[in-house]
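> Pasting a structure here, questions to come.
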Amino acid sequence: MSRAFFTFPGTNGNYISTPATPDLDITASVALTAQVRLDGAASANVAVIGTRTADTGYQLAIDTTPETFSRHGTGTTDRLSGSAPLAVIPDKVSVIQSRFDATAGDWLHTIDSVDQAAPLGDTDAASPSGLELGVGAAPGGGSLPFFGDIMYAQVVDGYLPIGPVALMNANEAGFASGPVANGATWVGSDGRTWTVNGAGIIYTPALGGFTGDLLIIRKNRYGVRTLTYGGLRAPLAIIRSGRTI
């Protein structure tokens with residue numbers, strides 16, 4: 001079994017998007033998660049998912065280290081928080097995550113379920129951008145386009161990575177193998193319409209079908225037991241007998 005994925009060429013205009021809605025303008029705790037394979041070393045500020053402009057919105061990205069990092073605009077300035085010394089390994093499939101805890105006032109970055117040593121203090125949350133949500137590029141500019149594969153990318157309104165308000169899941173797209181036409185769409189399990197922009201994105205379906213049979217149980221630093229369900233993380237309590245309920 002393998003996951004489906006989209007391959008992004010790293011050129012402007014090639015990204016996946018879903019329209020702007022009020023629930024995407026998150027201004028408190030937020031969790032940004034994606035499963036990616038970076039094609040070689042990252043250039044500075046490669047976009048994965050977000051609504052960011054120069055001074056508003058939020059974004060999960062990868063920098064040259066290549067570390068996972070978040071950017072968010074407070075309405076007056078652009079803030080940056082990185083995962084160093086944790087780093088994404090080029091050409092390796094990894095699950096990356098940045099979470100902002102508005103109560104504690106800090107960002108925590110995770111790569112393949114390994115947390116950085118300590119959260120990074122930052123009491124300023126994102127200011128609404130009002131823009132569409134982009135995967136593989138920042139809708140408001142200011143970031144380089146993603147170069148490599150993205151299996152899924154999600155945004156959660158809250159600190160724990162559960163109940164996404166937006167989930168771009170390649171397994172749900174169902175396209176034929178090969179280049180995807182500019183403007184092609186599908187409706188995801190999140191109820192959102194996702195659109196492929198540009199003519200350079202390639203789709204690879206899951207081999208043997210996506211069954212979600214691989215379950216990996218972990219406990220985070222808060223004692224919350226989670227499991228990886230075919231690459232998607234959720235609380236242990238809401239998955240039973242191979243079905244998400």
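Residue numbering restarts at 1 in every chain; chains get A, B, ... in the order shown in the structure tokens, and ligands count up from 1 in that same order.
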Skipping near chain neighbours, those fewer than 2 positions away, what residues fall within 6 Å of stretch 163-170 of chain A using only C-alpha atoms, listed as a PyMOL selection string?
chain A and resi 4-5+151-156+172-173
> Calculate how many Å separate atom CA of A:Pro19 from atom CA of A:Leu131, rounding to one decimal.
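Going from atom CA of A:Pro19 over to atom CA of A:Leu131 covers 7.6 Å.
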> Determine the nearest neighbour of A:Arg99 from the options A:Ser129, A:Ser29, A:Thr68, A:Asn14, counting only C-alpha atoms.
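Looking only at the distances to A:Arg99, the closest residue turns out to be A:Ser29.
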> Provide the atom CA of A:Asp149 to atom CA of A:Val36 distance in Å, to one decimal place.
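So the answer is 5.6 Å.
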> Can you tell me, as a VMD selection string, which residues in stretch 31-219 of chain A count as strand (DSSP E) by DSSP?
chain A and resid 31 to 38 46 to 50 58 to 62 68 to 73 78 to 82 93 to 101 106 to 111 114 to 115 120 to 121 133 to 135 147 to 157 166 to 169 178 to 179 185 to 187 193 to 197 202 to 204 215 to 219
> How would the residues just chosen look if you wrote them out with C-alpha atoms as a PDB file, in the first residue's frame?

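Written output follows (again.pdb):
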ATOM      1  CA  ALA A  31      -2.190  23.399  13.947  1.00  0.00           C
ATOM      2  CA  LEU A  32      -0.697  23.091  10.460  1.00  0.00           C
ATOM      3  CA  THR A  33       0.296  19.578   9.342  1.00  0.00           C
ATOM      4  CA  ALA A  34       1.475  18.001   6.084  1.00  0.00           C
ATOM      5  CA  GLN A  35       3.084  14.856   4.734  1.00  0.00           C
ATOM      6  CA  VAL A  36       5.721  15.832   2.182  1.00  0.00           C
ATOM      7  CA  ARG A  37       8.812  14.752   0.284  1.00  0.00           C
ATOM      8  CA  LEU A  38      11.060  17.685  -0.460  1.00  0.00           C
ATOM      9  CA  VAL A  46       9.242  27.137   0.420  1.00  0.00           C
ATOM     10  CA  ALA A  47       5.476  27.196   0.940  1.00  0.00           C
ATOM     11  CA  VAL A  48       3.564  24.055   2.004  1.00  0.00           C
ATOM     12  CA  ILE A  49       0.111  25.281   3.144  1.00  0.00           C
ATOM     13  CA  GLY A  50      -1.349  28.557   4.336  1.00  0.00           C
ATOM     14  CA  TYR A  58      -0.456  31.890   8.518  1.00  0.00           C
ATOM     15  CA  GLN A  59       1.764  29.404   6.731  1.00  0.00           C
ATOM     16  CA  LEU A  60       3.598  26.108   7.182  1.00  0.00           C
ATOM     17  CA  ALA A  61       6.823  26.157   5.174  1.00  0.00           C
ATOM     18  CA  ILE A  62      10.339  24.711   4.861  1.00  0.00           C
ATOM     19  CA  THR A  68      10.106  23.293   9.306  1.00  0.00           C
ATOM     20  CA  PHE A  69       8.889  26.728  10.158  1.00  0.00           C
ATOM     21  CA  SER A  70       5.782  28.827  10.445  1.00  0.00           C
ATOM     22  CA  ARG A  71       5.207  32.349   9.267  1.00  0.00           C
ATOM     23  CA  HIS A  72       2.309  34.496  10.344  1.00  0.00           C
ATOM     24  CA  GLY A  73       1.339  38.096   9.863  1.00  0.00           C
ATOM     25  CA  ASP A  78       5.642  39.178   9.513  1.00  0.00           C
ATOM     26  CA  ARG A  79       6.698  36.757  12.278  1.00  0.00           C
ATOM     27  CA  LEU A  80       8.885  33.676  11.825  1.00  0.00           C
ATOM     28  CA  SER A  81       9.274  30.616  14.081  1.00  0.00           C
ATOM     29  CA  GLY A  82      11.506  27.649  13.169  1.00  0.00           C
ATOM     30  CA  VAL A  93       8.779  11.365   3.158  1.00  0.00           C
ATOM     31  CA  SER A  94       8.101  13.166   6.449  1.00  0.00           C
ATOM     32  CA  VAL A  95       5.142  14.444   8.427  1.00  0.00           C
ATOM     33  CA  ILE A  96       5.819  18.045   9.438  1.00  0.00           C
ATOM     34  CA  GLN A  97       3.795  20.203  11.784  1.00  0.00           C
ATOM     35  CA  SER A  98       3.716  23.658  13.367  1.00  0.00           C
ATOM     36  CA  ARG A  99       1.279  24.366  16.209  1.00  0.00           C
ATOM     37  CA  PHE A 100       0.507  27.671  17.903  1.00  0.00           C
ATOM     38  CA  ASP A 101      -0.835  27.548  21.454  1.00  0.00           C
ATOM     39  CA  ASP A 106       4.230  29.630  21.936  1.00  0.00           C
ATOM     40  CA  TRP A 107       4.878  27.707  18.716  1.00  0.00           C
ATOM     41  CA  LEU A 108       5.955  24.049  18.728  1.00  0.00           C
ATOM     42  CA  HIS A 109       7.372  22.356  15.636  1.00  0.00           C
ATOM     43  CA  THR A 110       7.381  18.608  15.001  1.00  0.00           C
ATOM     44  CA  ILE A 111       9.025  16.423  12.343  1.00  0.00           C
ATOM     45  CA  VAL A 114       9.666  14.301  17.200  1.00  0.00           C
ATOM     46  CA  ASP A 115       9.108  17.623  18.972  1.00  0.00           C
ATOM     47  CA  LEU A 120       9.304  29.042  20.987  1.00  0.00           C
ATOM     48  CA  GLY A 121       7.628  31.909  22.787  1.00  0.00           C
ATOM     49  CA  LEU A 133      -5.921  28.579   1.256  1.00  0.00           C
ATOM     50  CA  GLY A 134      -2.973  27.534  -0.883  1.00  0.00           C
ATOM     51  CA  VAL A 135      -1.064  24.234  -0.949  1.00  0.00           C
ATOM     52  CA  PHE A 147       9.251  21.451  -5.247  1.00  0.00           C
ATOM     53  CA  GLY A 148       8.471  17.784  -4.510  1.00  0.00           C
ATOM     54  CA  ASP A 149       5.541  15.640  -3.367  1.00  0.00           C
ATOM     55  CA  ILE A 150       2.662  16.467  -1.024  1.00  0.00           C
ATOM     56  CA  MET A 151       0.458  13.611   0.197  1.00  0.00           C
ATOM     57  CA  TYR A 152      -1.815  15.688   2.442  1.00  0.00           C
ATOM     58  CA  ALA A 153      -1.865  19.064   4.111  1.00  0.00           C
ATOM     59  CA  GLN A 154      -4.352  20.280   6.699  1.00  0.00           C
ATOM     60  CA  VAL A 155      -5.340  23.239   8.867  1.00  0.00           C
ATOM     61  CA  VAL A 156      -6.906  22.760  12.301  1.00  0.00           C
ATOM     62  CA  ASP A 157      -8.591  25.511  14.311  1.00  0.00           C
ATOM     63  CA  ALA A 166      -9.407  22.100   5.658  1.00  0.00           C
ATOM     64  CA  LEU A 167      -7.770  18.862   4.491  1.00  0.00           C
ATOM     65  CA  MET A 168      -6.128  18.528   1.087  1.00  0.00           C
ATOM     66  CA  ASN A 169      -5.825  14.754   0.838  1.00  0.00           C
ATOM     67  CA  GLY A 178       0.023  11.818 -14.862  1.00  0.00           C
ATOM     68  CA  PRO A 179      -0.267  15.579 -15.387  1.00  0.00           C
ATOM     69  CA  THR A 185     -11.336  20.019  -9.135  1.00  0.00           C
ATOM     70  CA  TRP A 186     -12.537  17.543  -6.549  1.00  0.00           C
ATOM     71  CA  VAL A 187     -14.587  17.743  -3.353  1.00  0.00           C
ATOM     72  CA  THR A 193     -13.763  22.126  -3.361  1.00  0.00           C
ATOM     73  CA  TRP A 194     -10.064  21.855  -4.183  1.00  0.00           C
ATOM     74  CA  THR A 195      -8.701  23.232  -7.460  1.00  0.00           C
ATOM     75  CA  VAL A 196      -5.467  22.424  -9.284  1.00  0.00           C
ATOM     76  CA  ASN A 197      -3.864  25.607 -10.621  1.00  0.00           C
ATOM     77  CA  ILE A 202       1.466  15.561 -11.608  1.00  0.00           C
ATOM     78  CA  TYR A 203      -0.785  13.097  -9.771  1.00  0.00           C
ATOM     79  CA  THR A 204       0.267   9.617  -8.648  1.00  0.00           C
ATOM     80  CA  LEU A 215      -1.748   2.183  12.891  1.00  0.00           C
ATOM     81  CA  ILE A 216       1.057   3.747  14.951  1.00  0.00           C
ATOM     82  CA  ILE A 217       0.198   4.776  18.511  1.00  0.00           C
ATOM     83  CA  ARG A 218       2.211   7.546  20.179  1.00  0.00           C
ATOM     84  CA  LYS A 219       1.939   9.748  23.245  1.00  0.00           C
TER      85      LYS A 219
END
> Just the number, please: distance in Å from atom CA of A:Pro205 to atom CA of A:Phe175, one decimal.
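These atoms are spaced 7.3 Å apart.
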